[in-house]
>>> print(open('structure.txt').read())   # compact mmCIF, C-alpha atoms
# COMPACT_ATOMS: atom_id res chain seq x y z
CA MET O 1 0.66 38.57 15.69
CA PHE O 2 -1.57 38.84 18.73
CA ALA O 3 -3.67 41.80 17.60
CA ASN O 4 -6.51 41.27 20.05
CA THR O 5 -4.37 41.36 23.20
CA ILE O 6 -5.81 43.75 25.79
CA GLU O 7 -3.24 46.25 27.03
CA PRO O 8 -3.41 47.41 30.65
CA LYS O 9 -4.34 51.04 31.42
CA GLN O 10 -1.39 53.41 31.00
CA THR O 11 -0.79 55.63 34.06
CA ALA O 12 1.91 58.29 34.24
CA VAL O 13 3.39 57.54 37.63
CA ASP O 14 6.94 56.84 38.69
CA ASN O 15 6.31 54.54 41.62
CA THR O 16 3.60 52.64 43.42
CA GLU O 17 3.64 54.92 46.50
CA SER O 18 1.04 57.24 44.86
CA TYR O 19 -1.41 54.28 44.44
CA THR O 20 -3.98 53.41 47.01
CA ASP O 21 -4.39 49.76 47.96
CA THR O 22 -7.60 49.62 45.93
CA GLU O 23 -5.88 51.06 42.84
CA LEU O 24 -2.98 48.63 43.22
CA GLU O 25 -5.36 45.70 43.44
CA SER O 26 -7.22 46.97 40.37
CA LEU O 27 -3.96 47.37 38.44
CA ARG O 28 -2.81 43.89 39.48
CA SER O 29 -6.10 42.44 38.26
CA GLU O 30 -5.74 44.22 34.90
CA VAL O 31 -2.19 42.91 34.44
CA GLU O 32 -3.22 39.35 35.33
CA TRP O 33 -6.16 39.57 32.93
CA ALA O 34 -3.88 40.85 30.14
CA ILE O 35 -1.37 38.02 30.79
CA ASN O 36 -4.12 35.39 30.81
CA SER O 37 -5.56 36.81 27.59
CA LEU O 38 -2.12 36.66 25.99
CA LYS O 39 -1.67 33.06 27.16
CA MET O 40 -5.04 32.13 25.67
CA GLU O 41 -4.11 33.69 22.35
CA ILE O 42 -0.78 31.85 22.35
CA VAL O 43 -2.56 28.55 22.97
CA GLN O 44 -5.07 29.26 20.20
CA PHE O 45 -2.28 30.24 17.85
CA ALA O 46 -0.35 27.04 18.66
CA MET O 47 -3.46 24.98 17.95
CA LYS O 48 -3.87 26.71 14.58
CA VAL O 49 -0.21 26.03 13.77
CA GLN O 50 -0.63 22.35 14.64
CA GLN O 51 -3.75 22.09 12.47
CA GLU O 52 -1.97 23.82 9.61
CA CYS O 53 0.98 21.41 9.95
CA SER O 54 -1.42 18.47 9.65
CA LYS O 55 -3.00 20.04 6.57
CA GLN O 56 0.42 20.64 5.04
CA ALA O 57 1.43 17.03 5.73
CA GLU O 58 -1.68 15.75 3.94
CA LYS O 59 -1.08 18.20 1.11
CA GLN O 60 2.50 16.95 0.85
CA ALA O 61 1.17 13.40 0.48
CA SER O 62 -1.38 14.40 -2.16
CA LEU O 63 1.17 16.36 -4.22
CA THR O 64 3.88 13.73 -4.54
CA ILE O 65 6.47 15.32 -6.80
CA ILE O 66 6.92 13.84 -10.24
CA LYS O 67 10.45 15.07 -10.87
CA PHE O 68 12.07 11.95 -9.42
CA ALA O 69 10.04 9.88 -11.88
CA GLN O 70 11.23 12.11 -14.67
CA LYS O 71 14.82 11.64 -13.54
CA TYR O 72 14.91 7.90 -12.90
CA ALA O 73 11.60 5.99 -12.91
CA SER O 74 10.93 6.56 -16.62
CA ASN O 75 14.34 5.41 -17.84
CA GLY O 76 14.05 2.70 -20.48
CA LEU O 77 10.30 3.12 -20.95
CA GLY O 78 8.69 3.76 -24.31
CA VAL O 79 6.46 6.73 -25.09
CA GLU O 80 3.22 4.84 -24.38
CA GLN O 81 4.60 3.41 -21.15
CA ARG O 82 5.57 6.88 -19.97
CA GLN O 83 2.07 8.10 -20.74
CA ILE O 84 0.57 5.20 -18.77
CA GLN O 85 2.97 5.93 -15.91
CA GLN O 86 1.99 9.60 -15.87
CA MET O 87 -1.71 8.71 -15.87
CA ALA O 88 -1.18 6.41 -12.89
CA LEU O 89 0.92 9.03 -11.05
CA ASP O 90 -1.79 11.63 -11.60
CA PHE O 91 -4.46 9.24 -10.31
CA ALA O 92 -2.30 8.49 -7.27
CA ALA O 93 -1.82 12.20 -6.51
CA ASN O 94 -5.45 13.18 -7.04
CA GLU O 95 -7.46 10.19 -5.84
CA LEU O 96 -5.28 8.09 -3.52
CA ALA O 97 -2.84 10.30 -1.60
CA PRO O 98 -5.42 12.80 -0.28
CA ASN O 99 -7.38 9.91 1.28
CA MET O 100 -4.58 7.57 2.31
CA ILE O 101 -4.39 8.63 5.96
CA GLU O 102 -8.16 8.55 6.46
CA TRP O 103 -8.56 5.12 4.84
CA ASP O 104 -5.83 3.80 7.12
CA GLU O 105 -7.19 5.30 10.33
CA LYS O 106 -10.85 4.44 9.70
CA GLU O 107 -10.11 1.14 7.87
CA ILE O 108 -12.18 2.17 4.87
CA PHE O 109 -12.39 -0.10 1.81
CA PRO O 110 -12.56 2.57 -0.95
CA LEU O 111 -14.76 0.79 -3.48
CA ASP O 112 -15.72 3.93 -5.41
CA THR O 113 -12.05 4.85 -5.86
CA LEU O 114 -11.22 1.30 -6.96
CA ARG O 115 -13.86 1.58 -9.67
CA LYS O 116 -12.41 4.91 -10.79
CA ALA O 117 -9.05 3.14 -11.14
CA ALA O 118 -10.76 0.44 -13.17
CA GLU O 119 -12.12 3.08 -15.55
CA LEU O 120 -8.50 3.79 -16.44
CA GLY O 121 -7.91 0.11 -17.21
CA PHE O 122 -6.31 -0.86 -13.89
CA GLY O 123 -8.82 -3.58 -12.96
CA ALA O 124 -7.49 -6.28 -15.30
CA VAL O 125 -4.21 -4.84 -16.52
CA TYR O 126 -2.67 -7.97 -18.05
CA CYS O 127 -5.84 -9.83 -19.02
CA LYS O 128 -6.58 -10.20 -22.70
CA GLU O 129 -8.72 -7.55 -24.37
CA LYS O 130 -11.17 -10.10 -25.81
CA TYR O 131 -13.21 -10.21 -22.61
CA GLY O 132 -12.57 -6.70 -21.33
CA GLY O 133 -9.01 -6.82 -20.03
CA THR O 134 -6.55 -4.01 -20.76
CA GLY O 135 -4.13 -6.33 -22.56
CA LEU O 136 -0.91 -4.83 -21.23
CA SER O 137 2.32 -6.57 -20.28
CA ARG O 138 3.73 -7.53 -16.89
CA LEU O 139 6.25 -4.73 -17.28
CA ASP O 140 3.43 -2.25 -17.91
CA ALA O 141 1.65 -3.55 -14.82
CA SER O 142 4.78 -3.07 -12.72
CA VAL O 143 5.06 0.54 -13.87
CA ILE O 144 1.37 1.12 -13.05
CA PHE O 145 1.46 -0.46 -9.59
CA GLU O 146 4.61 1.42 -8.63
CA ALA O 147 3.04 4.71 -9.67
CA LEU O 148 -0.25 4.01 -7.89
CA ALA O 149 1.52 2.95 -4.70
CA THR O 150 3.05 6.42 -4.37
CA GLY O 151 -0.47 7.54 -3.46
CA CYS O 152 -1.54 4.60 -1.30
CA CYS O 153 0.48 1.43 -1.04
CA SER O 154 -2.26 -0.51 0.76
CA THR O 155 -5.00 0.21 -1.79
CA THR O 156 -2.66 -0.50 -4.68
CA ALA O 157 -1.70 -3.83 -3.13
CA TYR O 158 -5.36 -4.87 -3.14
CA ILE O 159 -5.71 -3.80 -6.78
CA SER O 160 -2.70 -5.97 -7.62
CA ILE O 161 -4.21 -9.01 -5.85
CA HIS O 162 -7.47 -8.48 -7.69
CA ASN O 163 -5.50 -8.36 -10.95
CA MET O 164 -3.84 -11.68 -10.12
CA CYS O 165 -7.22 -13.32 -9.56
CA ALA O 166 -8.56 -11.96 -12.85
CA TRP O 167 -5.46 -13.24 -14.68
CA MET O 168 -5.95 -16.77 -13.31
CA ILE O 169 -9.46 -16.89 -14.72
CA ASP O 170 -8.37 -15.31 -17.99
CA SER O 171 -5.43 -17.69 -18.41
CA PHE O 172 -6.88 -21.00 -17.16
CA GLY O 173 -10.65 -20.64 -17.17
CA ASN O 174 -12.88 -21.73 -20.02
CA ASP O 175 -14.68 -19.26 -22.27
CA ASN O 176 -17.82 -19.36 -20.15
CA LEU O 177 -15.94 -18.34 -17.01
CA ARG O 178 -14.00 -15.69 -18.89
CA SER O 179 -17.07 -14.12 -20.45
CA GLN O 180 -18.91 -14.25 -17.12
CA TRP O 181 -16.22 -12.81 -14.87
CA ILE O 182 -13.53 -10.84 -16.73
CA PRO O 183 -15.80 -7.92 -17.73
CA GLN O 184 -17.06 -7.57 -14.15
CA LEU O 185 -13.58 -7.86 -12.67
CA ALA O 186 -12.06 -5.46 -15.20
CA SER O 187 -14.58 -2.78 -14.20
CA MET O 188 -14.26 -3.76 -10.53
CA GLU O 189 -18.03 -3.97 -10.45
CA LYS O 190 -17.10 -7.24 -8.78
CA CYS O 191 -14.02 -7.51 -6.58
CA SER O 192 -12.02 -10.68 -5.99
CA SER O 193 -9.90 -12.34 -3.31
CA TYR O 194 -7.23 -15.02 -3.55
CA CYS O 195 -7.61 -17.93 -1.13
CA LEU O 196 -4.49 -20.08 -0.76
CA THR O 197 -3.09 -19.65 2.77
CA GLU O 198 -4.66 -21.62 5.61
CA PRO O 199 -4.24 -21.46 9.41
CA GLY O 200 -2.02 -24.55 9.18
CA ALA O 201 -0.61 -24.13 5.68
CA GLY O 202 1.42 -21.01 4.97
CA SER O 203 4.79 -21.47 3.27
CA ASP O 204 3.98 -25.18 2.89
CA ALA O 205 1.05 -24.38 0.59
CA ALA O 206 0.93 -27.90 -0.91
CA SER O 207 -0.18 -29.23 2.47
CA LEU O 208 -3.46 -27.29 2.37
CA SER O 209 -6.40 -29.18 3.84
CA THR O 210 -9.50 -27.38 2.52
CA THR O 211 -11.38 -30.06 0.58
CA ALA O 212 -13.76 -30.01 -2.35
CA ARG O 213 -15.73 -33.26 -2.60
CA LYS O 214 -17.59 -33.87 -5.83
CA ASP O 215 -21.31 -34.50 -5.35
CA GLY O 216 -23.12 -34.82 -8.66
CA SER O 217 -23.04 -31.46 -10.43
CA HIS O 218 -21.50 -29.67 -7.44
CA TYR O 219 -18.38 -29.51 -5.32
CA VAL O 220 -18.86 -29.41 -1.56
CA LEU O 221 -16.12 -27.35 0.13
CA ASN O 222 -15.04 -27.66 3.75
CA GLY O 223 -12.16 -25.90 5.46
CA SER O 224 -10.75 -22.45 6.20
CA LYS O 225 -8.45 -19.89 4.58
CA ALA O 226 -6.46 -17.30 6.55
CA PHE O 227 -5.18 -13.74 5.99
CA ILE O 228 -7.40 -13.29 2.93
CA SER O 229 -7.19 -9.72 1.63
CA GLY O 230 -10.56 -8.22 0.75
CA SER O 231 -12.46 -11.05 2.41
CA GLY O 232 -15.99 -10.11 3.38
CA GLU O 233 -15.99 -7.23 0.88
CA ALA O 234 -15.00 -9.17 -2.24
CA ASP O 235 -17.63 -10.74 -4.47
CA LEU O 236 -15.56 -13.64 -5.83
CA TYR O 237 -13.12 -15.98 -4.10
CA VAL O 238 -10.49 -17.87 -6.08
CA VAL O 239 -10.04 -20.90 -3.83
CA MET O 240 -7.28 -23.48 -3.88
CA CYS O 241 -8.68 -26.69 -2.40
CA ARG O 242 -8.01 -30.41 -2.34
CA THR O 243 -9.96 -32.54 -4.79
CA GLY O 244 -7.48 -35.44 -4.85
CA ASP O 245 -4.69 -37.07 -2.92
CA ALA O 246 -2.18 -35.39 -0.62
CA GLY O 247 0.48 -33.19 -2.18
CA SER O 248 0.50 -30.55 -4.87
CA LYS O 249 -1.10 -32.73 -7.56
CA GLY O 250 -4.29 -33.10 -5.55
CA VAL O 251 -5.06 -29.33 -5.52
CA SER O 252 -7.68 -27.67 -7.73
CA CYS O 253 -8.84 -24.10 -8.28
CA ILE O 254 -12.54 -23.34 -7.75
CA LEU O 255 -14.49 -20.07 -7.82
CA VAL O 256 -16.87 -19.34 -4.95
CA GLU O 257 -19.27 -16.40 -5.09
CA LYS O 258 -20.14 -14.26 -2.10
CA GLY O 259 -23.53 -15.25 -0.75
CA THR O 260 -23.08 -18.95 -1.47
CA PRO O 261 -24.59 -20.96 1.42
CA GLY O 262 -21.82 -22.32 3.63
CA LEU O 263 -19.44 -19.44 2.92
CA SER O 264 -18.80 -17.27 5.98
CA PHE O 265 -16.21 -14.88 7.38
CA ALA O 266 -14.61 -14.46 10.80
CA LYS O 267 -13.93 -11.10 12.44
CA LYS O 268 -11.81 -8.52 10.67
CA GLU O 269 -8.16 -8.85 11.63
CA ARG O 270 -6.39 -5.94 13.34
CA LYS O 271 -3.30 -5.26 11.25
CA LEU O 272 -0.19 -3.12 11.46
CA GLY O 273 -0.74 -1.85 7.92
CA TRP O 274 -2.74 -2.58 4.78
CA ASN O 275 -5.77 -1.11 6.55
CA SER O 276 -7.65 0.11 3.47
CA HIS O 277 -8.78 -3.44 2.79
CA PRO O 278 -9.89 -6.06 5.32
CA ALA O 279 -8.38 -9.44 6.06
CA ARG O 280 -10.45 -12.22 7.59
CA ILE O 281 -10.50 -15.98 7.92
CA VAL O 282 -12.79 -17.42 5.23
CA ASN O 283 -14.77 -20.49 6.26
CA PHE O 284 -16.37 -23.14 4.06
CA ASP O 285 -18.96 -25.36 5.76
CA ASP O 286 -20.56 -27.76 3.26
CA CYS O 287 -20.33 -24.92 0.77
CA ARG O 288 -21.84 -26.15 -2.52
CA VAL O 289 -20.66 -24.66 -5.81
CA PRO O 290 -21.33 -25.84 -9.39
CA VAL O 291 -18.64 -28.00 -11.01
CA THR O 292 -18.65 -25.40 -13.79
CA ASN O 293 -16.80 -23.10 -11.36
CA LEU O 294 -13.66 -25.23 -11.70
CA VAL O 295 -10.80 -23.21 -13.21
CA GLY O 296 -8.66 -25.38 -15.47
CA SER O 297 -8.81 -29.08 -14.70
CA GLU O 298 -8.78 -31.06 -11.48
CA GLY O 299 -5.27 -31.30 -10.03
CA GLN O 300 -4.09 -28.18 -11.87
CA GLY O 301 -4.70 -25.79 -8.97
CA PHE O 302 -1.24 -25.78 -7.47
CA ASN O 303 0.31 -25.05 -10.84
CA ILE O 304 -2.16 -22.18 -11.33
CA ALA O 305 -1.36 -20.86 -7.86
CA MET O 306 2.40 -20.90 -8.40
CA LYS O 307 2.19 -19.26 -11.82
CA GLY O 308 -0.08 -16.63 -10.36
CA LEU O 309 2.36 -15.99 -7.54
CA ASN O 310 5.24 -15.39 -9.95
CA GLY O 311 3.35 -12.36 -11.20
CA GLY O 312 2.10 -11.57 -7.71
CA ARG O 313 5.69 -11.27 -6.52
CA ILE O 314 6.40 -8.73 -9.23
CA ASN O 315 3.23 -6.86 -8.26
CA VAL O 316 3.98 -6.65 -4.55
CA ALA O 317 7.60 -5.68 -5.25
CA SER O 318 6.27 -2.91 -7.49
CA CYS O 319 4.08 -1.67 -4.63
CA SER O 320 7.22 -1.57 -2.48
CA LEU O 321 8.92 0.54 -5.14
CA GLY O 322 6.07 3.04 -5.05
CA ALA O 323 6.09 3.30 -1.26
CA ALA O 324 9.86 3.80 -1.21
CA TYR O 325 9.68 6.28 -4.06
CA ALA O 326 7.13 8.45 -2.20
CA ALA O 327 8.98 8.15 1.12
CA LEU O 328 12.25 9.19 -0.53
CA GLU O 329 10.65 12.22 -2.17
CA GLN O 330 9.09 13.33 1.08
CA ALA O 331 12.35 12.86 2.99
CA ARG O 332 14.20 14.88 0.35
CA ASP O 333 11.71 17.75 0.59
CA HIS O 334 11.79 17.65 4.40
CA MET O 335 15.57 17.98 4.34
CA LYS O 336 15.21 21.25 2.44
CA ILE O 337 12.89 22.93 4.93
CA ARG O 338 13.91 21.42 8.28
CA LYS O 339 16.61 23.47 10.01
CA GLN O 340 18.91 22.43 12.82
CA PHE O 341 22.09 24.11 14.08
CA GLY O 342 21.17 27.16 12.02
CA LYS O 343 20.94 25.56 8.58
CA PRO O 344 18.76 23.18 6.54
CA ILE O 345 19.58 19.56 7.31
CA GLU O 346 20.22 18.98 3.59
CA LYS O 347 23.57 20.68 4.25
CA PHE O 348 24.76 17.83 6.47
CA GLN O 349 26.92 15.43 4.50
CA TYR O 350 25.77 12.35 6.43
CA LEU O 351 22.17 12.92 5.33
CA GLN O 352 23.30 13.72 1.78
CA PHE O 353 25.06 10.35 1.65
CA ARG O 354 22.06 8.60 3.20
CA LEU O 355 19.78 10.11 0.55
CA ALA O 356 22.17 8.98 -2.18
CA GLU O 357 22.16 5.44 -0.78
CA MET O 358 18.35 5.41 -0.64
CA ALA O 359 18.05 6.55 -4.26
CA THR O 360 20.60 3.94 -5.35
CA GLN O 361 18.73 1.19 -3.49
CA LEU O 362 15.49 2.26 -5.14
CA VAL O 363 16.87 2.35 -8.67
CA ALA O 364 18.62 -1.01 -8.22
CA SER O 365 15.38 -2.52 -6.92
CA ARG O 366 13.42 -1.10 -9.83
CA LEU O 367 15.88 -2.54 -12.36
CA MET O 368 15.57 -5.99 -10.80
CA VAL O 369 11.77 -5.84 -10.75
CA ARG O 370 11.46 -4.67 -14.33
CA ASN O 371 14.01 -7.24 -15.49
CA ALA O 372 11.96 -10.00 -13.83
CA ALA O 373 8.73 -8.63 -15.31
CA THR O 374 10.29 -8.71 -18.77
CA ALA O 375 11.46 -12.29 -18.18
CA LEU O 376 7.92 -13.24 -17.20
CA ASP O 377 6.54 -11.55 -20.33
CA ASN O 378 9.04 -13.49 -22.46
CA GLN O 379 8.41 -16.76 -20.58
CA ASP O 380 12.12 -17.14 -19.91
CA THR O 381 13.19 -20.40 -18.31
CA ASN O 382 14.78 -18.50 -15.41
CA ALA O 383 11.71 -16.32 -14.78
CA VAL O 384 10.81 -18.02 -11.49
CA ALA O 385 14.26 -17.37 -10.02
CA LEU O 386 14.33 -13.79 -11.32
CA CYS O 387 10.88 -13.06 -9.86
CA SER O 388 12.01 -14.51 -6.53
CA MET O 389 15.23 -12.47 -6.55
CA ALA O 390 13.35 -9.28 -7.41
CA LYS O 391 10.75 -9.82 -4.72
CA LEU O 392 13.40 -10.65 -2.13
CA PHE O 393 15.66 -7.72 -2.93
CA ALA O 394 13.09 -5.02 -3.67
CA THR O 395 10.79 -5.63 -0.70
CA GLU O 396 13.65 -5.66 1.79
CA GLU O 397 15.53 -2.70 0.34
CA CYS O 398 12.40 -0.61 -0.13
CA PHE O 399 11.33 -1.23 3.45
CA LYS O 400 14.76 0.03 4.54
CA ILE O 401 14.24 3.15 2.41
CA CYS O 402 10.91 3.85 4.11
CA ASP O 403 12.51 3.31 7.50
CA TYR O 404 15.43 5.61 6.66
CA ALA O 405 12.96 8.25 5.42
CA MET O 406 11.11 8.13 8.72
CA GLN O 407 14.42 8.57 10.54
CA ILE O 408 15.18 11.68 8.48
CA PHE O 409 11.84 13.14 9.62
CA GLY O 410 12.88 12.58 13.23
CA GLY O 411 10.03 12.78 15.73
CA TYR O 412 7.67 14.09 13.07
CA GLY O 413 8.09 10.88 11.12
CA TYR O 414 6.64 8.95 14.04
CA LEU O 415 3.41 10.97 13.94
CA LYS O 416 0.45 9.68 11.97
CA ASP O 417 -0.09 13.21 10.63
CA TYR O 418 2.84 12.51 8.32
CA PRO O 419 2.42 9.78 5.68
CA VAL O 420 6.01 8.52 5.77
CA GLN O 421 5.26 6.21 8.72
CA GLN O 422 2.35 4.70 6.81
CA TYR O 423 4.54 3.81 3.85
CA MET O 424 6.81 1.98 6.28
CA ARG O 425 3.92 0.12 7.93
CA ASP O 426 2.24 -0.81 4.66
CA SER O 427 5.42 -2.06 3.01
CA ARG O 428 6.56 -4.28 5.91
CA VAL O 429 4.17 -7.10 5.07
CA HIS O 430 5.58 -7.36 1.54
CA CYS O 431 8.50 -9.34 2.98
CA ILE O 432 5.98 -11.92 4.22
CA LEU O 433 3.22 -12.39 1.67
CA GLU O 434 3.25 -13.87 -1.85
CA GLY O 435 5.82 -16.27 -0.43
CA THR O 436 7.99 -15.19 2.49
CA ASN O 437 11.44 -13.88 1.67
CA GLU O 438 12.84 -17.00 3.29
CA ILE O 439 11.00 -19.03 0.63
CA MET O 440 12.37 -16.65 -2.01
CA ARG O 441 15.89 -17.55 -0.85
CA LEU O 442 14.97 -21.21 -1.06
CA LEU O 443 13.68 -20.87 -4.63
CA VAL O 444 16.76 -18.95 -5.76
CA SER O 445 19.20 -21.40 -4.18
CA ARG O 446 17.29 -24.35 -5.60
CA ASP O 447 17.56 -22.85 -9.07
CA LEU O 448 21.28 -22.22 -8.64
CA LEU O 449 21.93 -25.78 -7.53
CA THR O 450 19.87 -27.44 -10.25
CA GLU O 451 21.93 -29.10 -12.95
CA ARG O 452 20.88 -28.24 -16.49
>>> encode(input="structure.txt", output="structure tokens")
Amino acid sequence: MFANTIEPKQTAVDNTESYTDTELESLRSEVEWAINSLKMEIVQFAMKVQQECSKQAEKQASLTIIKFAQKYASNGLGVEQRQIQQMALDFAANELAPNMIEWDEKEIFPLDTLRKAAELGFGAVYCKEKYGGTGLSRLDASVIFEALATGCCSTTAYISIHNMCAWMIDSFGNDNLRSQWIPQLASMEKCSSYCLTEPGAGSDAASLSTTARKDGSHYVLNGSKAFISGSGEADLYVVMCRTGDAGSKGVSCILVEKGTPGLSFAKKERKLGWNSHPARIVNFDDCRVPVTNLVGSEGQGFNIAMKGLNGGRINVASCSLGAAYAALEQARDHMKIRKQFGKPIEKFQYLQFRLAEMATQLVASRLMVRNAATALDNQDTNAVALCSMAKLFATEECFKICDYAMQIFGGYGYLKDYPVQQYMRDSRVHCILEGTNEIMRLLVSRDLLTER
């Protein structure tokens, strides 16, 4: 192993009495030099081992195994859906996973990779084909976002938000807005951000205070939006603002392009996760936009926002599925190679049972999400409640799966060289955004208590 180690001079003597003091000092120096050389080689070897471990960890992330998908994630899907799923899994393994750690550490917004995803039809998944959308279903979108999130949950989450913005324009905009924006959004030549939350209006979205005052052929916007994903990088902002009286019926939806005078951005927020896309406060100071940028009609904005969020909840839950799916696979593989007490830790029944529980949680979450997506596709009357249930259950259970996976890795799981900790960090915010899980409980209970 240490081929270059210098061996001390061999001398055929039985004791040190035949050595002179000078010879003894020389021999002592040779031995010390040999020991120091050996120490240096050991240190260098340890450094190489550490570097190789980091490389193997990244390789493990980039080669997320597909066999779990073949066992469980493809159940109930048609042939075309399985092909779409495989395409998304391949893209995740080849384009997302190898870069996930770097994008997180350096807070890189991977625009080129986003456009590669758009080339596969992932930029406007459930927009109509007439203006350049892919024309797939909400169920198809869930399958896609889950698969992509196995490679990078944060980047996939931004893609899903962008898709929600495109859908709002496609569903409620007029033909001029559709023809202007859907092709550019579908290709991700232009990226979009959704602006609903404000510093003083989070869960109580209907109390938003950003105003849009009509002035001839323009609206003049004033106010601020908070926690806006993609802000500063995005080219188009789908803004919910007040054009009328207080309450939900006074809210409208207006498009604001980057570069519009009066539109500005605060500093980039420092976040626990979701670091591959920025979040900033978005400010509007006498920001003038044409009245033709109104999506739908005045007073329809809150309805547009809520309908968009029904799908958004499915999307973010699907991202949680992907993160949990990847974390589970990596924990399973780690159990096979990690040895303690003289045997692989997969031999310990406690961890076997924990793995079984994690897989069961994941499959149950997936069933709920896909059931809600199907309800949304079919415009079922209980779709809102089902979307809320799915978001509530899947985001919380999948976060637990990521946390359990990190525990299985032990101390290694706490190192940023291993991607399992990033899946945990990126998935935590899913319990907060697109409506907090406390609001999900409120929506479900309200539906249960409503007389029909």
>>> closest_residue(input="structure.txt", among="O:Ala373, O:Val31, O:Val282, O:Met240", to="O:Ala226", atoms="all atoms listed in the file")
O:Val282
>>> atom_distance(input="structure.txt", atom1="atom CA of O:Lys249", atom2="atom CA of O:Tyr219")
17.7 Å
>>> closest_residue(input="structure.txt", among="O:Glu357, O:Asp377, O:Glu298, O:Glu105", to="O:Tyr404", atoms="all atoms listed in the file")
O:Glu357
>>> residues_around(input="structure.txt", residues="O:Ala383", least_positions_apart="5", cutoff="8 Å", atoms="only C-alpha atoms", output="JSON, numbers by chain")
{"O": [372, 375, 376]}
>>> residues_around(input="structure.txt", residues="O:Tyr126", least_positions_apart="5", cutoff="9 Å", atoms="all atoms listed in the file", output="JSON list (two decimals) with C-alpha atoms, keeping the file's coordinate frame")
[["chain", "number", "residue", "atom", "x", "y", "z"],
["O", 133, "GLY", "CA", -9.01, -6.82, -20.03],
["O", 134, "THR", "CA", -6.55, -4.01, -20.76],
["O", 135, "GLY", "CA", -4.13, -6.33, -22.56],
["O", 136, "LEU", "CA", -0.91, -4.83, -21.23],
["O", 137, "SER", "CA", 2.32, -6.57, -20.28],
["O", 138, "ARG", "CA", 3.73, -7.53, -16.89],
["O", 140, "ASP", "CA", 3.43, -2.25, -17.91],
["O", 141, "ALA", "CA", 1.65, -3.55, -14.82],
["O", 163, "ASN", "CA", -5.50, -8.36, -10.95],
["O", 164, "MET", "CA", -3.84, -11.68, -10.12],
["O", 166, "ALA", "CA", -8.56, -11.96, -12.85],
["O", 167, "TRP", "CA", -5.46, -13.24, -14.68]]
>>> residues_near_point(input="structure.txt", point="(-6.5, -0.7, -4.9)", cutoff="8 Å", atoms="all atoms listed in the file", output="list of chain:residue names")
O:Pro110, O:Thr113, O:Leu114, O:Ala117, O:Ser154, O:Thr155, O:Thr156, O:Ala157, O:Tyr158, O:Ile159, O:Ser160
>>> write_last_selection(input="structure.txt", atoms="C-alpha atoms", output="CSV table (one decimal), in the frame of the given file")
chain,number,residue,atom,x,y,z
O,110,PRO,CA,-12.6,2.6,-1.0
O,113,THR,CA,-12.0,4.8,-5.9
O,114,LEU,CA,-11.2,1.3,-7.0
O,117,ALA,CA,-9.0,3.1,-11.1
O,154,SER,CA,-2.3,-0.5,0.8
O,155,THR,CA,-5.0,0.2,-1.8
O,156,THR,CA,-2.7,-0.5,-4.7
O,157,ALA,CA,-1.7,-3.8,-3.1
O,158,TYR,CA,-5.4,-4.9,-3.1
O,159,ILE,CA,-5.7,-3.8,-6.8
O,160,SER,CA,-2.7,-6.0,-7.6
>>> atom_distance(input="structure.txt", atom1="atom CA of O:Gly123", atom2="atom CA of O:Gly299")
28.1 Å
>>> atom_distance(input="structure.txt", atom1="atom CA of O:Ala266", atom2="atom CA of O:Gly232")
8.7 Å
>>> closest_residue(input="structure.txt", among="O:Gln85, O:Ser171, O:Gln352, O:Thr243", to="O:Thr211", atoms="all atoms listed in the file")
O:Thr243
>>> residues_near_point(input="structure.txt", point="(-3.5, -26.0, 2.5)", cutoff="12 Å", atoms="all atoms listed in the file", output="compact mmCIF listing (two decimals) with C-alpha atoms, keeping the file's coordinate frame")
# COMPACT_ATOMS: atom_id res chain seq x y z
CA CYS O 195 -7.61 -17.93 -1.13
CA LEU O 196 -4.49 -20.08 -0.76
CA THR O 197 -3.09 -19.65 2.77
CA GLU O 198 -4.66 -21.62 5.61
CA PRO O 199 -4.24 -21.46 9.41
CA GLY O 200 -2.02 -24.55 9.18
CA ALA O 201 -0.61 -24.13 5.68
CA GLY O 202 1.42 -21.01 4.97
CA SER O 203 4.79 -21.47 3.27
CA ASP O 204 3.98 -25.18 2.89
CA ALA O 205 1.05 -24.38 0.59
CA ALA O 206 0.93 -27.90 -0.91
CA SER O 207 -0.18 -29.23 2.47
CA LEU O 208 -3.46 -27.29 2.37
CA SER O 209 -6.40 -29.18 3.84
CA THR O 210 -9.50 -27.38 2.52
CA THR O 211 -11.38 -30.06 0.58
CA ASN O 222 -15.04 -27.66 3.75
CA GLY O 223 -12.16 -25.90 5.46
CA SER O 224 -10.75 -22.45 6.20
CA LYS O 225 -8.45 -19.89 4.58
CA ALA O 226 -6.46 -17.30 6.55
CA VAL O 239 -10.04 -20.90 -3.83
CA MET O 240 -7.28 -23.48 -3.88
CA CYS O 241 -8.68 -26.69 -2.40
CA ARG O 242 -8.01 -30.41 -2.34
CA THR O 243 -9.96 -32.54 -4.79
CA ALA O 246 -2.18 -35.39 -0.62
CA GLY O 247 0.48 -33.19 -2.18
CA SER O 248 0.50 -30.55 -4.87
CA GLY O 250 -4.29 -33.10 -5.55
CA VAL O 251 -5.06 -29.33 -5.52
CA SER O 252 -7.68 -27.67 -7.73
CA GLY O 301 -4.70 -25.79 -8.97
CA PHE O 302 -1.24 -25.78 -7.47
CA ALA O 305 -1.36 -20.86 -7.86
>>> closest_residue(input="structure.txt", among="O:Leu321, O:Leu111, O:Leu443, O:Ala279", to="O:Ser229", atoms="only C-alpha atoms")
O:Ala279
>>> closest_residue(input="structure.txt", among="O:Arg366, O:Lys258, O:Lys271, O:His218", to="O:Asn283", atoms="all atoms listed in the file")
O:Lys258
>>> residues_around(input="structure.txt", residues="O:Phe393", least_positions_apart="6", cutoff="9 Å", atoms="all atoms listed in the file", output="JSON, numbers by chain")
{"O": [317, 365, 368, 369, 437]}
